[in-house]
2 protein chains.
Amino acid sequence: MTPPISRTRADFIAYMGQALEAQGLPPIAGRMLGLLIFDGAPRSFSDLATELEVSRGSISANARHLLSRGAIVKQNRPGDRQDYFCVAEQSLDQILIELIARMTATSESVRGFAEALPSEEGARRRLCGLADFYAAMAGGVTQALQRLRQRC
Amino acid sequence: MTPPISRTRADFIAYMGQALEAQGLPPIAGRMLGLLIFDGAPRSFSDLATELEVSRGSISANARHLLSRGAIVKQNRPGDRQDYFCVAEQSLDQILIELIARMTATSESVRGFAEALPSEEGARRRLCGLADFYAAMAGGVTQALQRLRQRC
DNA sequence: GGGAATGTTCAGTTTTGATTGAACGCAGAT
DNA sequence: ATCTGCGTTCAATCAAAACTGAACATTCCC
């Protein structure tokens with residue numbers, strides 16, 4: 001017994017809201033992204049407000065948030081004053097790229113702390129280990145990114 | 001002109017507080033972990049409260065948090081009623097293992113949504129792509145984990 | 001038995017962040 | 001000129017989370 005598509009859609013949108021909230025995005029941003037991914041077509045600003053039952057102010061703020069991360073893009077059409085949004089071509093790439101950047105930055109910061117210490121300090125070795133850890137994660141995610149790119 | 005070790009130490013602890021806060025941990029948990037990593041030796045419960053200038057209640061709560069994640073371990077010594085904490089042997093491994101589990105779970109959840117849809121639905125293809133995305137990330141982090149393990 | 005030290009718990013406070021909704025500016029349409 | 005629809009902004013509200021501090025139970029020491 002397969003559920004109706006609309007039900008799956010609603011569940012997916014709610015799920016994405018929670019999943020992305022756990023990764024630091026505001027919940028509405030997650031739901032917006034879920035909706036856009038599911039529908040796979042541009043949706044208008046007010047459509048989003050209506051469908052998600054949130055204020056226009058929230059759409060405005062969260063759209064800006066997602067736009068700045070490169071996860072979605074804004075479209076404008078001649079003769080239509082509305083803004084339309086859809087998932088960016090390489091939306092997922094962008095997320096990974098940003099993640100890699102964050103981890104690389106952390107690695108470098110930690111290495112900076114390490115190198116401010118004399119080499120005989122045990123702490124220096126430990127901080128270097130931590131820096132290596134973040135570098136390794138960045139490397140792993142980079143590989144994932146390459147794998148995804150060549151598949152699509 | 002190298003800063004004194006104590007200064008680097010304080011800065012590192014503060015930095016870790018912020019860095020791990022950005023990844024969902026409470027700030028004090030991040031600072032505790034930073035302190036323990038820097039010092040590389042067991043520190044007592046009250047030492048932590050004193051040094052971080054936070055209440056014992058906070059140490060208790062955050063220590064439990066870090067313990068449950070396997071990031072730190074508690075030591076008890078004969079003839080000493082205090083609890084001592086230090087970073088777990090495979091503290092970083094644990095973090096990666098948990099991350100992999102989360103991403104794998106997300107991938108599977110999303111695939112579940114996809115498979116509830118008829119194959120002619122475009123949404124099904126898109127959700128499968130998202131599931132692949134999370135799977136690829138989990139794979140990348142798994143590789144990072146293996147690389148780290150064999151290095152140490 | 002007191003008394004001091006230790007970790008936990010929990011109610012209350014503070015802080016932080018998300019969300020709303022009204023006010024606003026702008027651009028087309030009437 | 002006025003009106004309507006659109007998106008932004010911002011002050012106020014709300015909710016969730018972290019943190020504190022006092023009360024408590026336990027253990028050890030005198």
# chains A, B, ... in the order shown; residues from 1 in each chain; ligands from 1

$ interface_residues --of "chain A" --to "chain B" --cutoff "9 Å" --atoms "only C-alpha atoms" --output "PyMOL selection string"
chain A and resi 2-5+8-9+11-12+15-16+19+22-24+37-40+92+96+106+109-110+113-114+116-118+122-124+126-127+130+132-133+135-145+147-148

$ write_last_selection --atoms "N, CA and C atoms" --output "compact mmCIF listing (two decimals), in the first residue's frame"
# COMPACT_ATOMS: atom_id res chain seq x y z
N THR A 2 1.02 1.85 -1.16
CA THR A 2 1.88 3.02 -1.29
C THR A 2 1.12 4.28 -0.89
N PRO A 3 1.73 5.13 -0.10
CA PRO A 3 1.06 6.38 0.27
C PRO A 3 0.94 7.30 -0.93
N PRO A 4 -0.04 8.19 -0.91
CA PRO A 4 -0.17 9.15 -2.01
C PRO A 4 1.07 10.03 -2.08
N ILE A 5 1.35 10.52 -3.27
CA ILE A 5 2.55 11.32 -3.47
C ILE A 5 2.56 12.53 -2.55
N THR A 8 3.89 11.65 0.83
CA THR A 8 5.34 11.49 0.82
C THR A 8 6.03 12.84 0.73
N ARG A 9 5.45 13.68 -0.11
CA ARG A 9 6.03 15.02 -0.27
C ARG A 9 6.04 15.77 1.05
N ASP A 11 5.87 14.61 4.07
CA ASP A 11 6.77 13.97 5.02
C ASP A 11 8.23 14.31 4.71
N PHE A 12 8.54 14.29 3.43
CA PHE A 12 9.91 14.58 3.05
C PHE A 12 10.29 16.01 3.43
N TYR A 15 10.85 16.18 7.03
CA TYR A 15 12.11 15.50 7.37
C TYR A 15 13.31 16.37 7.07
N MET A 16 13.29 16.98 5.92
CA MET A 16 14.42 17.84 5.55
C MET A 16 14.56 19.01 6.52
N ALA A 19 16.32 17.49 9.44
CA ALA A 19 17.68 17.03 9.14
C ALA A 19 18.62 18.21 9.00
N ALA A 22 19.45 20.01 12.20
CA ALA A 22 20.50 19.34 12.97
C ALA A 22 21.88 19.72 12.44
N GLN A 23 21.94 20.30 11.27
CA GLN A 23 23.23 20.69 10.71
C GLN A 23 23.42 22.19 10.73
N GLY A 24 22.61 22.85 11.52
CA GLY A 24 22.87 24.26 11.75
C GLY A 24 22.04 25.24 10.94
N ILE A 37 13.63 20.82 -3.72
CA ILE A 37 14.23 19.60 -4.25
C ILE A 37 13.13 18.66 -4.73
N PHE A 38 12.11 18.51 -3.93
CA PHE A 38 11.04 17.57 -4.30
C PHE A 38 10.38 18.00 -5.60
N ASP A 39 10.01 19.26 -5.67
CA ASP A 39 9.27 19.72 -6.83
C ASP A 39 10.16 19.84 -8.06
N GLY A 40 11.40 20.18 -7.85
CA GLY A 40 12.33 20.23 -8.99
C GLY A 40 12.03 21.33 -9.99
N LEU A 92 24.30 20.70 -4.20
CA LEU A 92 24.96 19.80 -3.26
C LEU A 92 26.46 20.01 -3.29
N LEU A 96 29.11 20.85 -0.10
CA LEU A 96 30.38 20.18 0.19
C LEU A 96 31.54 21.14 0.14
N THR A 106 39.57 25.28 9.88
CA THR A 106 39.79 24.82 11.25
C THR A 106 41.15 24.17 11.37
N SER A 109 43.74 26.85 11.48
CA SER A 109 43.75 27.58 12.74
C SER A 109 44.45 26.78 13.82
N VAL A 110 44.08 25.53 13.91
CA VAL A 110 44.67 24.69 14.95
C VAL A 110 46.17 24.57 14.73
N PHE A 113 47.87 27.51 16.14
CA PHE A 113 48.10 27.42 17.59
C PHE A 113 49.29 26.52 17.87
N ALA A 114 49.33 25.40 17.19
CA ALA A 114 50.41 24.44 17.44
C ALA A 114 51.77 25.09 17.20
N ALA A 116 52.65 28.03 17.43
CA ALA A 116 53.03 29.07 18.38
C ALA A 116 53.69 28.45 19.61
N LEU A 117 53.75 27.13 19.64
CA LEU A 117 54.32 26.45 20.80
C LEU A 117 55.72 25.94 20.50
N PRO A 118 56.59 25.91 21.50
CA PRO A 118 57.93 25.35 21.29
C PRO A 118 57.84 23.85 20.98
N GLY A 122 54.58 19.00 24.62
CA GLY A 122 53.73 17.89 24.19
C GLY A 122 52.47 18.40 23.54
N ALA A 123 51.99 19.54 24.00
CA ALA A 123 50.76 20.09 23.44
C ALA A 123 50.91 20.31 21.94
N ARG A 124 52.08 20.68 21.53
CA ARG A 124 52.29 20.95 20.11
C ARG A 124 51.98 19.71 19.28
N ARG A 126 50.06 17.24 20.10
CA ARG A 126 48.63 16.93 20.16
C ARG A 126 47.83 17.86 19.24
N LEU A 127 48.17 19.13 19.23
CA LEU A 127 47.43 20.05 18.37
C LEU A 127 47.69 19.73 16.90
N LEU A 130 45.42 17.10 15.94
CA LEU A 130 44.07 17.60 15.71
C LEU A 130 43.97 18.27 14.34
N ASP A 132 45.76 17.57 11.77
CA ASP A 132 45.76 16.48 10.79
C ASP A 132 44.37 15.89 10.66
N PHE A 133 43.72 15.77 11.78
CA PHE A 133 42.38 15.20 11.79
C PHE A 133 41.44 16.00 10.89
N ALA A 135 42.29 18.05 8.57
CA ALA A 135 42.76 17.99 7.19
C ALA A 135 42.30 16.69 6.54
N ALA A 136 42.36 15.61 7.30
CA ALA A 136 41.95 14.33 6.74
C ALA A 136 40.47 14.35 6.40
N MET A 137 39.67 14.95 7.26
CA MET A 137 38.24 15.04 6.97
C MET A 137 38.01 15.84 5.70
N ALA A 138 38.70 16.96 5.61
CA ALA A 138 38.56 17.77 4.40
C ALA A 138 38.92 16.94 3.17
N GLY A 139 39.99 16.17 3.31
CA GLY A 139 40.39 15.33 2.19
C GLY A 139 39.33 14.30 1.83
N GLY A 140 38.76 13.68 2.84
CA GLY A 140 37.73 12.68 2.59
C GLY A 140 36.55 13.28 1.88
N VAL A 141 36.12 14.44 2.33
CA VAL A 141 34.96 15.07 1.71
C VAL A 141 35.30 15.50 0.28
N THR A 142 36.54 15.92 0.08
CA THR A 142 36.95 16.28 -1.28
C THR A 142 36.81 15.09 -2.22
N GLN A 143 37.21 13.94 -1.74
CA GLN A 143 37.06 12.74 -2.56
C GLN A 143 35.59 12.46 -2.86
N ALA A 144 34.77 12.60 -1.85
CA ALA A 144 33.34 12.39 -2.06
C ALA A 144 32.82 13.34 -3.13
N LEU A 145 33.28 14.56 -3.06
CA LEU A 145 32.85 15.56 -4.04
C LEU A 145 33.25 15.14 -5.45
N ARG A 147 33.87 12.16 -6.53
CA ARG A 147 33.11 10.98 -6.95
C ARG A 147 31.72 11.40 -7.45
N LEU A 148 31.11 12.32 -6.70
CA LEU A 148 29.77 12.77 -7.12
C LEU A 148 29.82 13.49 -8.44

$ closest_atom_pairs --of "chain D" --to "chain A" --cutoff "12 Å" --atoms "only C-alpha atoms (C1' of nucleotides)" --output "JSON lines"
{"residue": "D:DG5", "atom": "C1'", "partner": "A:Arg81", "partner_atom": "CA", "distance": 8.7}
{"residue": "D:DC6", "atom": "C1'", "partner": "A:Gln82", "partner_atom": "CA", "distance": 6.5}
{"residue": "D:DG7", "atom": "C1'", "partner": "A:Ser60", "partner_atom": "CA", "distance": 7.2}
{"residue": "D:DT8", "atom": "C1'", "partner": "A:Ser60", "partner_atom": "CA", "distance": 7.3}
{"residue": "D:DT9", "atom": "C1'", "partner": "A:Gly57", "partner_atom": "CA", "distance": 8.7}
{"residue": "D:DC10", "atom": "C1'", "partner": "A:Gly57", "partner_atom": "CA", "distance": 10.4}

$ atom_distance --atom1 "atom CA of Leu33 of chain A" --atom2 "atom C1' of DG17 of chain C"
19.8 Å

$ select_by_dssp --residues "segment 23-98 of chain A" --states "strand (DSSP E or B)" --output "list in words"
Arg43, Ser44, Ile72, Val73, Lys74, Gln75, Asn76, Arg77, Asp80, Arg81, Gln82, Asp83, Tyr84, Phe85, Cys86 and Val87 of chain A

$ write_last_selection --atoms "C-alpha atoms" --output "CSV table (one decimal), in the first residue's frame"
chain,number,residue,atom,x,y,z
A,43,ARG,CA,8.5,28.2,-7.0
A,44,SER,CA,7.5,31.7,-6.4
A,72,ILE,CA,19.3,27.9,-4.3
A,73,VAL,CA,19.1,30.5,-7.0
A,74,LYS,CA,16.7,33.3,-7.7
A,75,GLN,CA,15.0,33.7,-11.0
A,76,ASN,CA,13.2,36.8,-12.3
A,77,ARG,CA,11.0,36.7,-15.3
A,80,ASP,CA,6.5,39.2,-13.6
A,81,ARG,CA,7.6,41.0,-10.5
A,82,GLN,CA,7.7,37.9,-8.4
A,83,ASP,CA,10.9,36.2,-7.3
A,84,TYR,CA,11.2,32.5,-8.1
A,85,PHE,CA,13.5,30.1,-6.4
A,86,CYS,CA,14.9,26.7,-7.4
A,87,VAL,CA,17.7,24.5,-6.2

$ calpha_fit_and_write --fixed "chain B" --moving "chain A" --output "PDB file with C-alpha atoms, in the first residue's frame"
ATOM      1  CA  MET A   1      58.203  37.128  19.512  1.00  0.00           C
ATOM      2  CA  THR A   2      56.477  33.962  20.666  1.00  0.00           C
ATOM      3  CA  PRO A   3      53.594  34.340  23.104  1.00  0.00           C
ATOM      4  CA  PRO A   4      53.854  32.573  26.449  1.00  0.00           C
ATOM      5  CA  ILE A   5      52.475  29.067  26.500  1.00  0.00           C
ATOM      6  CA  SER A   6      49.711  30.017  28.894  1.00  0.00           C
ATOM      7  CA  ARG A   7      48.482  32.580  26.430  1.00  0.00           C
ATOM      8  CA  THR A   8      48.416  30.134  23.566  1.00  0.00           C
ATOM      9  CA  ARG A   9      46.671  27.677  25.819  1.00  0.00           C
ATOM     10  CA  ALA A  10      43.944  30.132  26.763  1.00  0.00           C
ATOM     11  CA  ASP A  11      43.454  31.175  23.161  1.00  0.00           C
ATOM     12  CA  PHE A  12      43.262  27.604  21.999  1.00  0.00           C
ATOM     13  CA  ILE A  13      40.673  26.720  24.609  1.00  0.00           C
ATOM     14  CA  ALA A  14      38.548  29.684  23.621  1.00  0.00           C
ATOM     15  CA  TYR A  15      38.931  28.804  19.971  1.00  0.00           C
ATOM     16  CA  MET A  16      37.836  25.244  20.510  1.00  0.00           C
ATOM     17  CA  GLY A  17      34.806  26.489  22.381  1.00  0.00           C
ATOM     18  CA  GLN A  18      33.726  28.473  19.376  1.00  0.00           C
ATOM     19  CA  ALA A  19      34.701  25.895  16.780  1.00  0.00           C
ATOM     20  CA  LEU A  20      32.798  23.075  18.411  1.00  0.00           C
ATOM     21  CA  GLU A  21      29.870  25.315  19.170  1.00  0.00           C
ATOM     22  CA  ALA A  22      29.586  25.851  15.421  1.00  0.00           C
ATOM     23  CA  GLN A  23      29.271  22.090  15.114  1.00  0.00           C
ATOM     24  CA  GLY A  24      26.444  21.741  17.531  1.00  0.00           C
ATOM     25  CA  LEU A  25      28.156  21.210  20.863  1.00  0.00           C
ATOM     26  CA  PRO A  26      27.489  23.511  23.805  1.00  0.00           C
ATOM     27  CA  PRO A  27      30.304  26.030  24.149  1.00  0.00           C
ATOM     28  CA  ILE A  28      31.473  24.758  27.509  1.00  0.00           C
ATOM     29  CA  ALA A  29      31.804  21.258  26.117  1.00  0.00           C
ATOM     30  CA  GLY A  30      34.107  22.627  23.446  1.00  0.00           C
ATOM     31  CA  ARG A  31      36.243  24.426  25.983  1.00  0.00           C
ATOM     32  CA  MET A  32      36.462  21.364  28.180  1.00  0.00           C
ATOM     33  CA  LEU A  33      37.636  19.307  25.254  1.00  0.00           C
ATOM     34  CA  GLY A  34      40.114  21.977  24.239  1.00  0.00           C
ATOM     35  CA  LEU A  35      41.561  22.099  27.717  1.00  0.00           C
ATOM     36  CA  LEU A  36      41.889  18.333  27.925  1.00  0.00           C
ATOM     37  CA  ILE A  37      43.477  18.082  24.509  1.00  0.00           C
ATOM     38  CA  PHE A  38      45.968  20.815  25.279  1.00  0.00           C
ATOM     39  CA  ASP A  39      46.989  19.456  28.641  1.00  0.00           C
ATOM     40  CA  GLY A  40      47.005  15.852  27.513  1.00  0.00           C
ATOM     41  CA  ALA A  41      46.588  14.650  31.084  1.00  0.00           C
ATOM     42  CA  PRO A  42      43.611  13.799  33.279  1.00  0.00           C
ATOM     43  CA  ARG A  43      42.047  16.774  35.010  1.00  0.00           C
ATOM     44  CA  SER A  44      39.739  16.602  37.968  1.00  0.00           C
ATOM     45  CA  PHE A  45      36.098  17.607  37.963  1.00  0.00           C
ATOM     46  CA  SER A  46      36.635  20.616  40.191  1.00  0.00           C
ATOM     47  CA  ASP A  47      39.788  21.662  38.367  1.00  0.00           C
ATOM     48  CA  LEU A  48      37.696  22.000  35.266  1.00  0.00           C
ATOM     49  CA  ALA A  49      35.046  24.039  37.044  1.00  0.00           C
ATOM     50  CA  THR A  50      37.696  26.319  38.520  1.00  0.00           C
ATOM     51  CA  GLU A  51      39.770  26.780  35.414  1.00  0.00           C
ATOM     52  CA  LEU A  52      36.909  27.365  33.042  1.00  0.00           C
ATOM     53  CA  GLU A  53      35.106  29.460  35.655  1.00  0.00           C
ATOM     54  CA  VAL A  54      31.801  27.715  35.227  1.00  0.00           C
ATOM     55  CA  SER A  55      29.423  26.084  37.680  1.00  0.00           C
ATOM     56  CA  ARG A  56      29.811  22.477  38.741  1.00  0.00           C
ATOM     57  CA  GLY A  57      26.398  21.852  37.274  1.00  0.00           C
ATOM     58  CA  SER A  58      27.718  22.788  33.860  1.00  0.00           C
ATOM     59  CA  ILE A  59      30.722  20.518  34.202  1.00  0.00           C
ATOM     60  CA  SER A  60      28.438  17.701  35.172  1.00  0.00           C
ATOM     61  CA  ALA A  61      26.098  18.211  32.225  1.00  0.00           C
ATOM     62  CA  ASN A  62      28.763  18.776  29.629  1.00  0.00           C
ATOM     63  CA  ALA A  63      30.940  15.940  30.833  1.00  0.00           C
ATOM     64  CA  ARG A  64      27.995  13.612  30.471  1.00  0.00           C
ATOM     65  CA  HIS A  65      27.500  14.951  27.000  1.00  0.00           C
ATOM     66  CA  LEU A  66      31.096  14.358  25.965  1.00  0.00           C
ATOM     67  CA  LEU A  67      31.199  10.978  27.654  1.00  0.00           C
ATOM     68  CA  SER A  68      28.127   9.834  25.768  1.00  0.00           C
ATOM     69  CA  ARG A  69      29.820  10.786  22.537  1.00  0.00           C
ATOM     70  CA  GLY A  70      32.918   8.871  23.467  1.00  0.00           C
ATOM     71  CA  ALA A  71      35.056  11.979  23.210  1.00  0.00           C
ATOM     72  CA  ILE A  72      36.361  11.817  26.769  1.00  0.00           C
ATOM     73  CA  VAL A  73      36.690   9.140  29.426  1.00  0.00           C
ATOM     74  CA  LYS A  74      36.222   9.240  33.177  1.00  0.00           C
ATOM     75  CA  GLN A  75      38.866   7.918  35.522  1.00  0.00           C
ATOM     76  CA  ASN A  76      38.504   7.037  39.153  1.00  0.00           C
ATOM     77  CA  ARG A  77      41.396   6.477  41.483  1.00  0.00           C
ATOM     78  CA  PRO A  78      41.523   4.386  44.599  1.00  0.00           C
ATOM     79  CA  GLY A  79      41.458   6.565  47.678  1.00  0.00           C
ATOM     80  CA  ASP A  80      40.325   9.594  45.718  1.00  0.00           C
ATOM     81  CA  ARG A  81      36.682  10.372  45.410  1.00  0.00           C
ATOM     82  CA  GLN A  82      37.120  12.862  42.611  1.00  0.00           C
ATOM     83  CA  ASP A  83      36.313  12.148  38.991  1.00  0.00           C
ATOM     84  CA  TYR A  84      39.072  12.735  36.485  1.00  0.00           C
ATOM     85  CA  PHE A  85      38.568  13.245  32.778  1.00  0.00           C
ATOM     86  CA  CYS A  86      40.841  12.975  29.816  1.00  0.00           C
ATOM     87  CA  VAL A  87      40.446  12.738  26.087  1.00  0.00           C
ATOM     88  CA  ALA A  88      39.586   9.268  24.933  1.00  0.00           C
ATOM     89  CA  GLU A  89      42.294   7.281  23.210  1.00  0.00           C
ATOM     90  CA  GLN A  90      40.394   7.396  19.962  1.00  0.00           C
ATOM     91  CA  SER A  91      38.487  10.564  20.679  1.00  0.00           C
ATOM     92  CA  LEU A  92      38.722  11.819  17.141  1.00  0.00           C
ATOM     93  CA  ASP A  93      37.866   8.437  15.698  1.00  0.00           C
ATOM     94  CA  GLN A  94      34.692   8.481  17.744  1.00  0.00           C
ATOM     95  CA  ILE A  95      33.687  11.818  16.329  1.00  0.00           C
ATOM     96  CA  LEU A  96      34.144  10.557  12.802  1.00  0.00           C
ATOM     97  CA  ILE A  97      32.370   7.314  13.506  1.00  0.00           C
ATOM     98  CA  GLU A  98      29.401   9.189  14.803  1.00  0.00           C
ATOM     99  CA  LEU A  99      29.443  11.539  11.861  1.00  0.00           C
ATOM    100  CA  ILE A 100      29.492   8.625   9.459  1.00  0.00           C
ATOM    101  CA  ALA A 101      26.594   7.038  11.266  1.00  0.00           C
ATOM    102  CA  ARG A 102      24.553  10.217  11.079  1.00  0.00           C
ATOM    103  CA  MET A 103      25.155  10.656   7.396  1.00  0.00           C
ATOM    104  CA  THR A 104      24.444   7.049   6.614  1.00  0.00           C
ATOM    105  CA  ALA A 105      21.215   7.263   8.541  1.00  0.00           C
ATOM    106  CA  THR A 106      20.203  10.380   6.630  1.00  0.00           C
ATOM    107  CA  SER A 107      21.014   8.696   3.359  1.00  0.00           C
ATOM    108  CA  GLU A 108      18.857   5.738   4.250  1.00  0.00           C
ATOM    109  CA  SER A 109      15.983   7.858   5.447  1.00  0.00           C
ATOM    110  CA  VAL A 110      15.958   9.815   2.241  1.00  0.00           C
ATOM    111  CA  ARG A 111      16.140   6.644   0.217  1.00  0.00           C
ATOM    112  CA  GLY A 112      13.167   5.398   2.167  1.00  0.00           C
ATOM    113  CA  PHE A 113      11.180   8.431   1.085  1.00  0.00           C
ATOM    114  CA  ALA A 114      12.313   7.921  -2.482  1.00  0.00           C
ATOM    115  CA  GLU A 115      11.225   4.320  -2.554  1.00  0.00           C
ATOM    116  CA  ALA A 116       7.780   5.221  -1.329  1.00  0.00           C
ATOM    117  CA  LEU A 117       7.305   6.983  -4.652  1.00  0.00           C
ATOM    118  CA  PRO A 118       6.346   5.398  -7.983  1.00  0.00           C
ATOM    119  CA  SER A 119       9.284   5.084 -10.313  1.00  0.00           C
ATOM    120  CA  GLU A 120       7.811   7.451 -12.865  1.00  0.00           C
ATOM    121  CA  GLU A 121       7.835  10.291 -10.358  1.00  0.00           C
ATOM    122  CA  GLY A 122      10.629  12.747 -11.047  1.00  0.00           C
ATOM    123  CA  ALA A 123      10.846  13.341  -7.333  1.00  0.00           C
ATOM    124  CA  ARG A 124      12.010   9.793  -6.867  1.00  0.00           C
ATOM    125  CA  ARG A 125      15.054  10.400  -8.996  1.00  0.00           C
ATOM    126  CA  ARG A 126      15.856  13.614  -7.166  1.00  0.00           C
ATOM    127  CA  LEU A 127      15.549  12.041  -3.734  1.00  0.00           C
ATOM    128  CA  CYS A 128      17.760   9.177  -4.826  1.00  0.00           C
ATOM    129  CA  GLY A 129      20.322  11.759  -5.874  1.00  0.00           C
ATOM    130  CA  LEU A 130      20.152  13.271  -2.423  1.00  0.00           C
ATOM    131  CA  ALA A 131      20.541   9.872  -0.807  1.00  0.00           C
ATOM    132  CA  ASP A 132      23.588   9.246  -2.994  1.00  0.00           C
ATOM    133  CA  PHE A 133      24.962  12.555  -1.865  1.00  0.00           C
ATOM    134  CA  TYR A 134      24.827  11.630   1.793  1.00  0.00           C
ATOM    135  CA  ALA A 135      26.189   8.184   1.045  1.00  0.00           C
ATOM    136  CA  ALA A 136      29.110   9.716  -0.803  1.00  0.00           C
ATOM    137  CA  MET A 137      29.875  11.982   2.130  1.00  0.00           C
ATOM    138  CA  ALA A 138      29.782   9.054   4.487  1.00  0.00           C
ATOM    139  CA  GLY A 139      32.157   7.257   2.173  1.00  0.00           C
ATOM    140  CA  GLY A 140      34.538  10.188   2.046  1.00  0.00           C
ATOM    141  CA  VAL A 141      34.645  10.498   5.795  1.00  0.00           C
ATOM    142  CA  THR A 142      35.187   6.761   6.092  1.00  0.00           C
ATOM    143  CA  GLN A 143      38.260   7.097   3.941  1.00  0.00           C
ATOM    144  CA  ALA A 144      39.507   9.946   6.070  1.00  0.00           C
ATOM    145  CA  LEU A 145      39.031   7.766   9.112  1.00  0.00           C
ATOM    146  CA  GLN A 146      41.046   4.927   7.605  1.00  0.00           C
ATOM    147  CA  ARG A 147      43.815   7.275   6.589  1.00  0.00           C
ATOM    148  CA  LEU A 148      44.031   8.655  10.112  1.00  0.00           C
ATOM    149  CA  ARG A 149      44.006   5.227  11.642  1.00  0.00           C
ATOM    150  CA  GLN A 150      46.885   3.902   9.652  1.00  0.00           C
ATOM    151  CA  ARG A 151      48.939   7.011  10.226  1.00  0.00           C
ATOM    152  CA  CYS A 152      48.803   6.768  14.013  1.00  0.00           C
TER     153      CYS A 152
END

$ interface_residues --of "chain C" --to "chain A" --cutoff "10 Å" --atoms "only C-alpha atoms (C1' of nucleotides)" --output "list in words"
DG17, DA18, DT19, DT20, DG21, DA27 and DG28 of chain C

$ write_last_selection --atoms "N, CA and C atoms (P, O5', C5', C4', C3', O3' and C1' of nucleotides)" --output "PDB file, in the first residue's frame"
ATOM      1  P    DG C  17      23.152  33.072  18.492  1.00  0.00           P
ATOM      2  O5'  DG C  17      21.831  32.509  17.809  1.00  0.00           O
ATOM      3  C5'  DG C  17      21.351  31.207  18.150  1.00  0.00           C
ATOM      4  C4'  DG C  17      19.961  31.017  17.581  1.00  0.00           C
ATOM      5  C3'  DG C  17      19.775  31.672  16.213  1.00  0.00           C
ATOM      6  O3'  DG C  17      19.254  30.707  15.326  1.00  0.00           O
ATOM      7  C1'  DG C  17      18.074  32.394  17.731  1.00  0.00           C
ATOM      8  P    DA C  18      18.813  31.132  13.846  1.00  0.00           P
ATOM      9  O5'  DA C  18      17.239  30.912  13.884  1.00  0.00           O
ATOM     10  C5'  DA C  18      16.716  29.792  14.585  1.00  0.00           C
ATOM     11  C4'  DA C  18      15.206  29.886  14.655  1.00  0.00           C
ATOM     12  C3'  DA C  18      14.532  30.237  13.332  1.00  0.00           C
ATOM     13  O3'  DA C  18      13.353  29.462  13.202  1.00  0.00           O
ATOM     14  C1'  DA C  18      13.979  31.856  14.969  1.00  0.00           C
ATOM     15  P    DT C  19      12.546  29.508  11.849  1.00  0.00           P
ATOM     16  O5'  DT C  19      11.349  30.505  12.165  1.00  0.00           O
ATOM     17  C5'  DT C  19      10.494  30.226  13.270  1.00  0.00           C
ATOM     18  C4'  DT C  19       9.558  31.381  13.524  1.00  0.00           C
ATOM     19  C3'  DT C  19       8.871  31.956  12.270  1.00  0.00           C
ATOM     20  O3'  DT C  19       7.487  31.613  12.320  1.00  0.00           O
ATOM     21  C1'  DT C  19       9.638  33.656  13.774  1.00  0.00           C
ATOM     22  P    DT C  20       6.516  32.130  11.160  1.00  0.00           P
ATOM     23  O5'  DT C  20       5.945  33.482  11.772  1.00  0.00           O
ATOM     24  C5'  DT C  20       5.346  33.437  13.055  1.00  0.00           C
ATOM     25  C4'  DT C  20       5.072  34.845  13.546  1.00  0.00           C
ATOM     26  C3'  DT C  20       4.146  35.673  12.644  1.00  0.00           C
ATOM     27  O3'  DT C  20       3.001  36.035  13.413  1.00  0.00           O
ATOM     28  C1'  DT C  20       6.073  36.914  13.295  1.00  0.00           C
ATOM     29  P    DG C  21       1.623  36.378  12.669  1.00  0.00           P
ATOM     30  O5'  DG C  21       1.672  37.964  12.591  1.00  0.00           O
ATOM     31  C5'  DG C  21       2.028  38.689  13.759  1.00  0.00           C
ATOM     32  C4'  DG C  21       2.249  40.140  13.415  1.00  0.00           C
ATOM     33  C3'  DG C  21       1.404  40.668  12.242  1.00  0.00           C
ATOM     34  O3'  DG C  21       1.077  42.017  12.519  1.00  0.00           O
ATOM     35  C1'  DG C  21       3.661  40.971  11.743  1.00  0.00           C
ATOM     36  P    DA C  27      11.902  51.105  -8.241  1.00  0.00           P
ATOM     37  O5'  DA C  27      10.764  50.371  -9.068  1.00  0.00           O
ATOM     38  C5'  DA C  27      10.695  48.953  -8.983  1.00  0.00           C
ATOM     39  C4'  DA C  27       9.379  48.469  -9.510  1.00  0.00           C
ATOM     40  C3'  DA C  27       8.951  49.125 -10.835  1.00  0.00           C
ATOM     41  O3'  DA C  27       8.507  48.109 -11.699  1.00  0.00           O
ATOM     42  C1'  DA C  27       7.233  49.325  -9.233  1.00  0.00           C
ATOM     43  P    DG C  28       8.718  48.354 -13.302  1.00  0.00           P
ATOM     44  O5'  DG C  28       7.318  47.869 -13.888  1.00  0.00           O
ATOM     45  C5'  DG C  28       6.258  48.291 -13.233  1.00  0.00           C
ATOM     46  C4'  DG C  28       5.106  47.365 -13.210  1.00  0.00           C
ATOM     47  C3'  DG C  28       4.138  47.679 -14.351  1.00  0.00           C
ATOM     48  O3'  DG C  28       3.254  46.591 -14.558  1.00  0.00           O
ATOM     49  C1'  DG C  28       3.347  48.605 -12.300  1.00  0.00           C
TER      50       DG C  28
END

$ select_by_dssp --residues "chain B" --states "alpha helix (DSSP H)" --output "PyMOL selection string"
chain B and resi 5-21+27-39+45-52+56-68+91-115+122-151
